[in-house]
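Undergrad: For reference, the structure I am asking about is given below.
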Amino acid sequence: MSHALFLDELISTLGAEVAQRGDDVPNRYHTDWSGTPPQRPLALVRPRSTDEVSALMRLCTAHRVPVVPQGGLTGLAGAAVPVPGAVAVSMERMNAIEDVNARTALMTVQAGATLQAVQEAAVAAGMVFGVDLGARGSCQIGGNVATNAGGNGVLQHGMMREQVLGLEVVLADGTVLPMLRPMLKNNTGYDLKQFFIGAEGTLGIITRVLLRLRPAPQATATTLVAMPDFDSALAVLKRMQSRFGNSVAAYELMWDSFVQASMAWLKLAAPFEQRYPLLALINVDGKDEAQLQGDLQQVLEEAMEAG
């Protein structure tokens with residue numbers, strides 16, 4: 001089948017509200033933040049439901065047309081850039097926060113919901129979501145799952161994989177896999193959802209996600225610490241974990257070259273007069289902010305005395 005006939009069938013099946021021909025596709029869908037040379041897709045599909053994703057995949061598989069899923073287009077590896085003759089599938093319309101349950105600490109969302117929207121919904125319910133990263137306002141949960149995103153909460157909560165209790169996924173032939181089981185303690189055979197977490201959309205398109213939430217901390221303390229070398233950074237981390245346990249919410253090491261580049265890009269003054277090989281951004285959770293600040297200061301003083 002020619003591309004023209006395929007496009008006619010695509011638009012006939014999904015409607016002009018959902019599918020656009022390549023000539024009409026805005027430039028933003030041609031590439032992502034990676035700087036990869038832009039490529040105009042054969043078509044852009046912005047589905048509104050799992051059924052529309054399923055219909056799209058059936059049609060593309062039948063005519064052997066490649067499909068490239070797109071999330072927030074904030075990736076730096078070029079994975080969301082269309083290949084020649086491909087249909088780009090943007091999940092931006094499937095962005096609903098479908099359910100938030102503070103009693104069971106669960107949230108069900110569509111794959112196009114942004115990370116920030118998930119975080120804000122969790123906070124509104126008195127909870128927190130365990131993944132955070134700089135692109136929170138534009139990256140989408142489906143993309144976070146597909147790339148097994150890490151972010152700055154890995155020490156405390158783990159990677160994105162640890163936040164996912166269930167998935168709904170559409171396979172290449174349009175089959176929908178409903179794997180939204182709200183059970184943390186679940187040993188019922190194969191855990192098929194794990195195949196799709198970190199698979200970068202190569203095995204199927206994620207359409208809905210069942211997420212774990214965590215209790216919100218009552219207080220937090222944050223500090224920026226200069227480090228002379230990597231061994232010192234590890235020693236401080238060990239002391240922090242010995243004192244605070246799993247309450248060490250973040251421990252982000254930044255090399256001097258990164259710090260200098262970031263300060264120049266943001267047009268900010270350096271945090272210290274002297275340059276150091278490493279800076280550590282440390283965040284600790286607890287029940288009382290004053291107590292946390294005091295304990296944090298004590299741990300750092302002990303680390304300095306120990307060399």
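Residue numbering restarts at 1 in every chain; chains get A, B, ... in the order shown in the structure tokens, and ligands count up from 1 in that same order.
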Quick check for you: according to DSSP on this backbone, which residues of segment 53-87 of chain A are classed as strand (DSSP E)? Reply as a short mmCIF file (atom, residue, chain, number, x, y, z; two decimals) with N, CA, C and O atoms, in the first residue's frame.

TA:
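selection-v4.cif written:
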```cif
data_model
loop_
_atom_site.label_atom_id
_atom_site.label_comp_id
_atom_site.auth_asym_id
_atom_site.auth_seq_id
_atom_site.Cartn_x
_atom_site.Cartn_y
_atom_site.Cartn_z
N VAL A 67 6.33 2.86 14.08
CA VAL A 67 5.70 3.78 15.03
C VAL A 67 6.74 4.26 16.02
O VAL A 67 7.52 3.45 16.55
N VAL A 68 6.79 5.56 16.29
CA VAL A 68 7.71 6.12 17.27
C VAL A 68 6.89 6.82 18.36
O VAL A 68 6.27 7.85 18.10
N PRO A 69 6.85 6.27 19.58
CA PRO A 69 6.13 6.93 20.67
C PRO A 69 6.85 8.20 21.11
O PRO A 69 8.08 8.24 21.16
N GLN A 70 6.08 9.23 21.43
CA GLN A 70 6.63 10.49 21.92
C GLN A 70 5.95 10.87 23.23
O GLN A 70 4.73 10.79 23.35
N VAL A 87 5.11 6.82 11.82
CA VAL A 87 4.04 7.56 12.48
C VAL A 87 4.52 7.94 13.87
O VAL A 87 4.96 7.07 14.64
#
```

Undergrad: Might you pull out every residue within 12 Å of Ala16 of chain A, with only C-alpha atoms counted and same-chain residues fewer than 4 positions away left off, and present them as a ChimeraX atom specification?

TA: /A:7-12,20-21,24,43-47

Undergrad: What's the 9 Å shell around segment 142-154 of chain A, counting only C-alpha atoms, without same-chain residues fewer than 3 positions away, as a VMD selection string?

TA: chain A and resid 69 to 73 75 91 110 to 115 130 to 134 139 157 to 161 164 196 to 202 205 to 209 249 to 252

Undergrad: Which residue, A:Glu289, A:Asp23, A:Asp51, A:Glu17, has the smallest gap to Val170 of chain A when you use only C-alpha atoms?

TA: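 Of A:Glu289, A:Asp23, A:Asp51, A:Glu17, the one nearest Val170 of chain A is A:Asp51, counting only C-alpha atoms.
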
Undergrad: Would you list the contacts of Asn101 of chain A as a ChimeraX atom specification, taking every protein, DNA or RNA residue within 10 Å and counting only C-alpha atoms, but skipping same-chain residues closer than 3 positions in sequence?

TA: /A:104-108,122,125,127,212-213

Undergrad: Could you name the residues that touch segment 254-262 of chain A at 8 Å or less, counting only C-alpha atoms, but leaving out those on the same chain fewer than 4 positions away, as a list of chain:residue names?

TA: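 Here the qualifying residues turn out to be A:Leu266, A:Ala270, A:Arg275, A:Tyr276, A:Pro277, A:Leu278, A:Leu279, A:Ala280, A:Leu281.
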
Undergrad: Listing only residues of segment 56-115 of chain A within 6 Å of segment 172-181 of chain A, what is the closest atom pair and its distance in Å (to one decimal) for each, using only C-alpha atoms, sorted by chain and residue number ascending, as a tab-separated table?

TA:
```
residue	atom	partner	partner_atom	distance
A:Met57	CA	A:Gly174	CA	4.9
A:Arg58	CA	A:Gly174	CA	4.7
A:Thr61	CA	A:Asp173	CA	5.9
```

Undergrad: Pick the closest to Ala219 of chain A from A:Asn187, A:Ser232, A:Gln293, A:Ser90: which is it, counting only C-alpha atoms?

TA: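 Using only C-alpha atoms, the shortest distance to Ala219 of chain A belongs to A:Gln293.
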
Undergrad: Hey, which of A:Pro84, A:Val109, A:Gly204, A:Val248 ends up closest to Pro66 of chain A? Count only C-alpha atoms.

TA: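 Of the candidates, the smallest distance to Pro66 of chain A is held by A:Pro84.
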
Undergrad: Would you give me, as a PyMOL selection string, the residues in segment 204-287 of chain A that DSSP reads as alpha helix (DSSP H)?

TA: chain A and resi 230-244+256-266
